[in-house]
$ cat my_file_13.tsv   # TSV, C-alpha atoms and all ligand atoms
chain	number	residue	atom	x	y	z
E	1	MET	CA	44.41	-15.30	-59.27
E	2	LEU	CA	45.38	-13.69	-55.98
E	3	LYS	CA	41.94	-12.18	-55.81
E	4	ASN	CA	40.35	-15.61	-56.17
E	5	VAL	CA	42.55	-17.02	-53.44
E	6	ALA	CA	41.59	-14.15	-51.13
E	7	ILE	CA	37.89	-14.65	-51.83
E	8	ALA	CA	38.25	-18.38	-51.19
E	9	ALA	CA	40.05	-17.68	-47.91
E	10	VAL	CA	37.30	-15.34	-46.80
E	11	MET	CA	34.65	-17.94	-47.67
E	12	VAL	CA	36.51	-20.61	-45.69
E	13	CYS	CA	36.74	-18.30	-42.69
E	14	LEU	CA	33.04	-17.53	-42.88
E	15	VAL	CA	32.09	-21.20	-43.07
E	16	LEU	CA	34.40	-22.08	-40.19
E	17	GLY	CA	32.96	-19.22	-38.18
E	18	ILE	CA	29.40	-20.38	-38.75
E	19	VAL	CA	30.32	-23.96	-37.87
E	20	ALA	CA	32.08	-22.76	-34.73
E	21	CYS	CA	29.06	-20.80	-33.57
E	22	GLY	CA	26.43	-23.18	-34.90
E	23	GLY	CA	26.43	-25.58	-32.00
E	24	GLN	CA	26.40	-22.95	-29.32
E	25	LYS	CA	23.28	-21.38	-27.96
E	26	VAL	CA	23.32	-17.68	-27.49
E	27	PRO	CA	23.16	-17.26	-23.72
E	28	GLU	CA	19.75	-16.08	-22.64
E	29	ALA	CA	19.44	-12.83	-20.83
E	30	PRO	CA	18.81	-13.49	-17.16
E	31	LYS	CA	15.10	-13.55	-16.49
E	32	ALA	CA	13.78	-10.81	-14.29
E	33	GLU	CA	12.74	-12.18	-10.92
E	34	MET	CA	9.02	-12.49	-10.56
E	35	PRO	CA	7.80	-9.97	-8.03
E	36	LYS	CA	6.78	-11.59	-4.79
E	37	PRO	CA	3.04	-11.74	-4.42
E	38	ALA	CA	1.80	-8.66	-2.65
E	39	GLU	CA	0.55	-9.14	0.87
E	40	GLN	CA	-2.91	-10.50	0.56
E	41	ALA	CA	-5.42	-7.72	0.94
E	42	MET	CA	-7.51	-8.01	4.07
E	43	THR	CA	-11.17	-8.70	3.70
E	44	ASP	CA	-13.62	-6.15	5.11
E	45	THR	CA	-14.29	-8.47	8.03
E	46	GLU	CA	-10.60	-8.88	8.77
E	47	LYS	CA	-10.14	-5.10	8.58
E	48	ALA	CA	-13.00	-4.50	11.00
E	49	GLU	CA	-11.59	-7.10	13.40
E	50	PHE	CA	-8.12	-5.63	13.21
E	51	VAL	CA	-9.38	-2.09	13.80
E	52	ALA	CA	-11.58	-3.16	16.71
E	53	ALA	CA	-8.72	-5.06	18.32
E	54	ASN	CA	-6.13	-2.30	17.89
E	55	CYS	CA	-8.00	1.00	18.13
E	56	ILE	CA	-6.56	3.33	20.79
E	57	CYS	CA	-9.29	6.01	20.59
E	58	ALA	CA	-10.16	5.28	24.21
E	59	THR	CA	-6.79	6.76	25.25
E	60	CYS	CA	-7.36	9.95	23.29
E	61	PRO	CA	-8.08	13.33	24.92
E	62	SER	CA	-10.91	13.95	22.46
E	63	PHE	CA	-12.64	10.66	23.32
E	64	LEU	CA	-15.60	11.09	25.68
E	65	LYS	CA	-15.68	7.82	27.59
E	66	GLU	CA	-19.11	8.10	29.19
E	67	GLU	CA	-20.91	9.69	26.27
E	68	CYS	CA	-19.36	7.27	23.81
E	69	ALA	CA	-20.27	4.32	26.00
E	70	LYS	CA	-23.88	5.54	26.20
E	71	ALA	CA	-23.93	5.95	22.42
E	72	GLY	CA	-22.45	2.48	22.00
E	73	GLU	CA	-19.31	3.85	20.40
E	74	LYS	CA	-16.02	2.04	20.84
E	75	GLY	CA	-13.82	4.12	18.59
E	76	ALA	CA	-12.74	2.76	15.21
E	77	TYR	CA	-13.86	6.05	13.69
E	78	CYS	CA	-11.42	5.66	10.81
E	79	LEU	CA	-13.66	2.82	9.73
E	80	VAL	CA	-17.12	3.80	10.93
E	81	GLY	CA	-16.92	7.55	10.42
E	82	LYS	CA	-17.98	10.45	12.60
E	83	SER	CA	-18.96	10.09	16.22
E	84	LYS	CA	-22.41	11.13	17.34
E	85	VAL	CA	-21.05	12.60	20.54
E	86	ILE	CA	-17.49	13.81	19.99
E	87	THR	CA	-17.53	17.31	18.58
E	88	GLU	CA	-14.39	18.90	19.95
E	89	GLU	CA	-10.91	18.19	18.68
E	90	ASN	CA	-8.69	18.10	21.76
E	91	GLY	CA	-5.91	15.99	20.35
E	92	CYS	CA	-5.80	12.81	18.28
E	93	VAL	CA	-3.71	9.71	18.91
E	94	CYS	CA	-4.44	8.12	15.55
E	95	PRO	CA	-0.84	8.67	14.36
E	96	GLN	CA	0.34	6.35	17.18
E	97	CYS	CA	-2.28	3.71	16.46
E	98	PRO	CA	-1.18	0.41	14.91
E	99	VAL	CA	-4.12	0.71	12.52
E	100	THR	CA	-2.57	3.82	10.98
E	101	ALA	CA	0.59	1.92	10.11
E	102	LYS	CA	-1.11	-1.29	9.07
E	103	MET	CA	-3.65	0.40	6.81
E	104	ALA	CA	-1.28	3.14	5.66
E	105	LEU	CA	-3.69	5.83	6.86
E	106	LYS	CA	-2.56	9.43	6.78
E	107	TRP	CA	-5.27	11.42	8.46
E	108	GLY	CA	-6.75	11.72	11.94
E	109	TYR	CA	-9.76	13.14	13.78
E	110	TYR	CA	-11.96	10.62	12.05
E	111	CYS	CA	-14.44	11.01	14.91
E	112	THR	CA	-15.16	14.60	13.90
E	113	ARG	CA	-14.22	14.61	10.22
E	114	GLY	CA	-15.31	11.26	8.85
E	115	SER	CA	-13.89	7.85	8.01
E	116	ALA	CA	-10.62	7.29	6.20
E	117	LYS	CA	-12.62	6.40	3.12
E	118	GLU	CA	-14.43	9.74	3.31
E	119	MET	CA	-11.16	11.59	3.91
E	120	MET	CA	-9.65	9.95	0.88
E	121	ALA	CA	-12.67	10.85	-1.24
E	122	MET	CA	-12.50	14.45	-0.07
E	123	GLU	CA	-8.81	14.60	-0.85
E	124	THR	CA	-9.41	13.16	-4.30
E	125	GLN	CA	-12.02	15.82	-4.90
E	126	GLY	CA	-9.60	18.48	-3.69
E	127	GLY	CA	-11.20	18.98	-0.30
E	128	GLY	CA	-8.02	18.09	1.60
E	129	GLY	CA	-9.73	16.00	4.29
E	130	LYS	CA	-9.71	18.81	6.79
E	201	LIG	S1	-6.54	5.09	13.51
E	201	LIG	FE1	-7.62	6.27	15.09
E	201	LIG	S2	-9.79	5.84	14.75
E	201	LIG	FE2	-8.62	4.32	13.62
E	201	LIG	S3	-8.48	2.60	15.03
E	201	LIG	FE3	-6.66	3.84	15.35
E	201	LIG	S4	-7.13	5.24	17.00
E	201	LIG	FE4	-9.07	4.38	16.27
E	202	LIG	S1	-10.36	9.49	15.84
E	202	LIG	FE1	-8.54	10.50	16.67
E	202	LIG	S2	-9.40	12.28	17.73
E	202	LIG	FE2	-11.08	10.88	17.42
E	202	LIG	S3	-11.21	9.68	19.31
E	202	LIG	FE3	-9.95	8.53	17.83
E	202	LIG	S4	-7.87	9.11	18.30
E	202	LIG	FE4	-9.19	10.64	19.23

$ encode --input "my_file_13.tsv" --output "structure tokens"
Amino acid sequence: MLKNVAIAAVMVCLVLGIVACGGQKVPEAPKAEMPKPAEQAMTDTEKAEFVAANCICATCPSFLKEECAKAGEKGAYCLVGKSKVITEENGCVCPQCPVTAKMALKWGYYCTRGSAKEMMAMETQGGGGK
């Protein structure tokens, strides 16, 4: 008899518990914030314009003003690759150039060693870009 009463009590508790919870929604876990869209990648044209407008090669000790002018070179070697006239490395101001920061470049002496793209390829192949 007592056993039956205990079982009945347990059943009642269970039913009441279910009823109590039934109407409530389980709170949803907070949704992770959507990452903000990455800065739109620049087009090749925009890159070229930015490099041309910000290049400081002309202030560099390795830059040969007259020879470069005759060869039609205006710097931007990180984009266009090696110079036809600069052969000596007498210092490089690329680390101070806004292009280095904007494009996250990590090399220098592009005029004698090749474009950033070439440096990256060399590094990928284990050449080290130097
Ligand atoms: S990083 Fe160097 S080569 Fe490229 S734009 Fe700047 S100064 Fe010129
Ligand atoms: S790439 Fe570097 S070393 Fe060459 S001219 Fe430009 S700043 Fe000077």

$ residues_near_ligand --input "my_file_13.tsv" --ligand "ligand LIG 201 (chain E)" --cutoff "9 Å" --atoms "only C-alpha atoms and all ligand atoms" --output "short mmCIF file (atom, residue, chain, number, x, y, z; two decimals) with C-alpha atoms, in the coordinates of the input"
data_model
loop_
_atom_site.label_atom_id
_atom_site.label_comp_id
_atom_site.auth_asym_id
_atom_site.auth_seq_id
_atom_site.Cartn_x
_atom_site.Cartn_y
_atom_site.Cartn_z
CA PHE E 50 -8.12 -5.63 13.21
CA VAL E 51 -9.38 -2.09 13.80
CA ALA E 52 -11.58 -3.16 16.71
CA ALA E 53 -8.72 -5.06 18.32
CA ASN E 54 -6.13 -2.30 17.89
CA CYS E 55 -8.00 1.00 18.13
CA ILE E 56 -6.56 3.33 20.79
CA CYS E 57 -9.29 6.01 20.59
CA ALA E 58 -10.16 5.28 24.21
CA THR E 59 -6.79 6.76 25.25
CA CYS E 60 -7.36 9.95 23.29
CA LYS E 74 -16.02 2.04 20.84
CA GLY E 75 -13.82 4.12 18.59
CA ALA E 76 -12.74 2.76 15.21
CA TYR E 77 -13.86 6.05 13.69
CA CYS E 78 -11.42 5.66 10.81
CA LEU E 79 -13.66 2.82 9.73
CA VAL E 80 -17.12 3.80 10.93
CA GLY E 81 -16.92 7.55 10.42
CA CYS E 92 -5.80 12.81 18.28
CA VAL E 93 -3.71 9.71 18.91
CA CYS E 94 -4.44 8.12 15.55
CA PRO E 95 -0.84 8.67 14.36
CA GLN E 96 0.34 6.35 17.18
CA CYS E 97 -2.28 3.71 16.46
CA PRO E 98 -1.18 0.41 14.91
CA VAL E 99 -4.12 0.71 12.52
CA THR E 100 -2.57 3.82 10.98
CA ALA E 101 0.59 1.92 10.11
CA MET E 103 -3.65 0.40 6.81
CA LEU E 105 -3.69 5.83 6.86
CA LYS E 106 -2.56 9.43 6.78
CA TRP E 107 -5.27 11.42 8.46
CA GLY E 108 -6.75 11.72 11.94
CA TYR E 109 -9.76 13.14 13.78
CA TYR E 110 -11.96 10.62 12.05
CA CYS E 111 -14.44 11.01 14.91
CA SER E 115 -13.89 7.85 8.01
CA ALA E 116 -10.62 7.29 6.20
#

$ closest_residue --input "my_file_13.tsv" --among "E:Ala48, E:Ile86, E:Ala69, E:Ala41" --to "ligand LIG 202 (chain E)" --atoms "only C-alpha atoms and all ligand atoms"
E:Ile86

$ atom_distance --input "my_file_13.tsv" --atom1 "atom CA of E:Cys68" --atom2 "atom CA of E:Lys84"
8.1 Å

$ atom_distance --input "my_file_13.tsv" --atom1 "atom CA of E:Asn90" --atom2 "atom CA of E:Leu64"
10.6 Å

$ closest_residue --input "my_file_13.tsv" --among "E:Glu67, E:Glu49, E:Asp44, E:Glu88" --to "ligand LIG 202 (chain E)" --atoms "only C-alpha atoms and all ligand atoms"
E:Glu88

$ closest_residue --input "my_file_13.tsv" --among "E:Ser62, E:Thr45, E:Thr124, E:Ser83" --to "ligand LIG 202 (chain E)" --atoms "all atoms listed in the file"
E:Ser62

$ atom_distance --input "my_file_13.tsv" --atom1 "atom S1 of ligand LIG 202 (chain E)" --atom2 "atom CA of E:Glu73"
11.5 Å

$ build_atoms --input "my_file_13.tsv" --residues "stretch 39-69 of chain E" --atoms "N, CA and C atoms" --output "mmCIF file, in the frame of the given file"
data_model
loop_
_atom_site.group_PDB
_atom_site.id
_atom_site.type_symbol
_atom_site.label_atom_id
_atom_site.label_comp_id
_atom_site.auth_asym_id
_atom_site.auth_seq_id
_atom_site.Cartn_x
_atom_site.Cartn_y
_atom_site.Cartn_z
ATOM 1 N N GLU E 39 1.231 -8.646 -0.323
ATOM 2 C CA GLU E 39 0.550 -9.140 0.870
ATOM 3 C C GLU E 39 -0.948 -9.199 0.568
ATOM 4 N N GLN E 40 -1.492 -10.329 0.846
ATOM 5 C CA GLN E 40 -2.910 -10.500 0.560
ATOM 6 C C GLN E 40 -3.718 -9.372 1.195
ATOM 7 N N ALA E 41 -4.572 -8.784 0.398
ATOM 8 C CA ALA E 41 -5.420 -7.720 0.940
ATOM 9 C C ALA E 41 -6.353 -8.312 1.977
ATOM 10 N N MET E 42 -6.624 -7.527 3.009
ATOM 11 C CA MET E 42 -7.510 -8.010 4.070
ATOM 12 C C MET E 42 -8.949 -7.891 3.584
ATOM 13 N N THR E 43 -9.747 -8.814 4.007
ATOM 14 C CA THR E 43 -11.170 -8.700 3.700
ATOM 15 C C THR E 43 -11.763 -7.618 4.603
ATOM 16 N N ASP E 44 -12.971 -7.183 4.290
ATOM 17 C CA ASP E 44 -13.620 -6.150 5.110
ATOM 18 C C ASP E 44 -13.782 -6.639 6.554
ATOM 19 N N THR E 45 -14.115 -7.908 6.684
ATOM 20 C CA THR E 45 -14.290 -8.470 8.030
ATOM 21 C C THR E 45 -12.980 -8.462 8.795
ATOM 22 N N GLU E 46 -11.915 -8.863 8.120
ATOM 23 C CA GLU E 46 -10.600 -8.880 8.770
ATOM 24 C C GLU E 46 -10.171 -7.465 9.158
ATOM 25 N N LYS E 47 -10.471 -6.501 8.281
ATOM 26 C CA LYS E 47 -10.140 -5.100 8.580
ATOM 27 C C LYS E 47 -10.877 -4.648 9.840
ATOM 28 N N ALA E 48 -12.175 -4.924 9.859
ATOM 29 C CA ALA E 48 -13.000 -4.500 11.000
ATOM 30 C C ALA E 48 -12.477 -5.133 12.285
ATOM 31 N N GLU E 49 -12.104 -6.411 12.209
ATOM 32 C CA GLU E 49 -11.590 -7.100 13.400
ATOM 33 C C GLU E 49 -10.269 -6.496 13.850
ATOM 34 N N PHE E 50 -9.425 -6.197 12.879
ATOM 35 C CA PHE E 50 -8.120 -5.630 13.210
ATOM 36 C C PHE E 50 -8.272 -4.248 13.849
ATOM 37 N N VAL E 51 -9.158 -3.437 13.269
ATOM 38 C CA VAL E 51 -9.380 -2.090 13.800
ATOM 39 C C VAL E 51 -9.953 -2.177 15.214
ATOM 40 N N ALA E 52 -10.955 -3.032 15.391
ATOM 41 C CA ALA E 52 -11.580 -3.160 16.710
ATOM 42 C C ALA E 52 -10.564 -3.616 17.755
ATOM 43 N N ALA E 53 -9.681 -4.498 17.362
ATOM 44 C CA ALA E 53 -8.720 -5.060 18.320
ATOM 45 C C ALA E 53 -7.576 -4.095 18.625
ATOM 46 N N ASN E 54 -7.317 -3.154 17.727
ATOM 47 C CA ASN E 54 -6.130 -2.300 17.890
ATOM 48 C C ASN E 54 -6.406 -0.820 18.118
ATOM 49 N N CYS E 55 -7.660 -0.417 18.008
ATOM 50 C CA CYS E 55 -8.000 1.000 18.130
ATOM 51 C C CYS E 55 -7.587 1.544 19.514
ATOM 52 N N ILE E 56 -6.969 2.718 19.511
ATOM 53 C CA ILE E 56 -6.560 3.330 20.790
ATOM 54 C C ILE E 56 -7.328 4.635 21.045
ATOM 55 N N CYS E 57 -8.462 4.806 20.381
ATOM 56 C CA CYS E 57 -9.290 6.010 20.590
ATOM 57 C C CYS E 57 -9.588 6.236 22.072
ATOM 58 N N ALA E 58 -9.779 5.146 22.809
ATOM 59 C CA ALA E 58 -10.160 5.280 24.210
ATOM 60 C C ALA E 58 -9.084 5.988 25.034
ATOM 61 N N THR E 59 -7.879 6.082 24.523
ATOM 62 C CA THR E 59 -6.790 6.760 25.250
ATOM 63 C C THR E 59 -6.628 8.210 24.794
ATOM 64 N N CYS E 60 -7.506 8.640 23.924
ATOM 65 C CA CYS E 60 -7.360 9.950 23.290
ATOM 66 C C CYS E 60 -8.048 11.057 24.099
ATOM 67 N N PRO E 61 -7.447 12.230 24.170
ATOM 68 C CA PRO E 61 -8.080 13.330 24.920
ATOM 69 C C PRO E 61 -9.400 13.798 24.327
ATOM 70 N N SER E 62 -9.633 13.521 23.076
ATOM 71 C CA SER E 62 -10.910 13.950 22.460
ATOM 72 C C SER E 62 -12.031 12.942 22.738
ATOM 73 N N PHE E 63 -11.656 11.733 23.125
ATOM 74 C CA PHE E 63 -12.640 10.660 23.320
ATOM 75 C C PHE E 63 -13.427 10.900 24.604
ATOM 76 N N LEU E 64 -14.730 10.865 24.514
ATOM 77 C CA LEU E 64 -15.600 11.090 25.680
ATOM 78 C C LEU E 64 -16.108 9.736 26.164
ATOM 79 N N LYS E 65 -15.415 9.204 27.173
ATOM 80 C CA LYS E 65 -15.680 7.820 27.590
ATOM 81 C C LYS E 65 -17.160 7.558 27.892
ATOM 82 N N GLU E 66 -17.729 8.373 28.776
ATOM 83 C CA GLU E 66 -19.110 8.100 29.190
ATOM 84 C C GLU E 66 -20.106 8.282 28.049
ATOM 85 N N GLU E 67 -19.970 9.409 27.368
ATOM 86 C CA GLU E 67 -20.910 9.690 26.270
ATOM 87 C C GLU E 67 -20.783 8.643 25.168
ATOM 88 N N CYS E 68 -19.565 8.269 24.869
ATOM 89 C CA CYS E 68 -19.360 7.270 23.810
ATOM 90 C C CYS E 68 -19.944 5.923 24.233
ATOM 91 N N ALA E 69 -19.732 5.585 25.512
ATOM 92 C CA ALA E 69 -20.270 4.320 26.000
ATOM 93 C C ALA E 69 -21.797 4.318 25.885
#
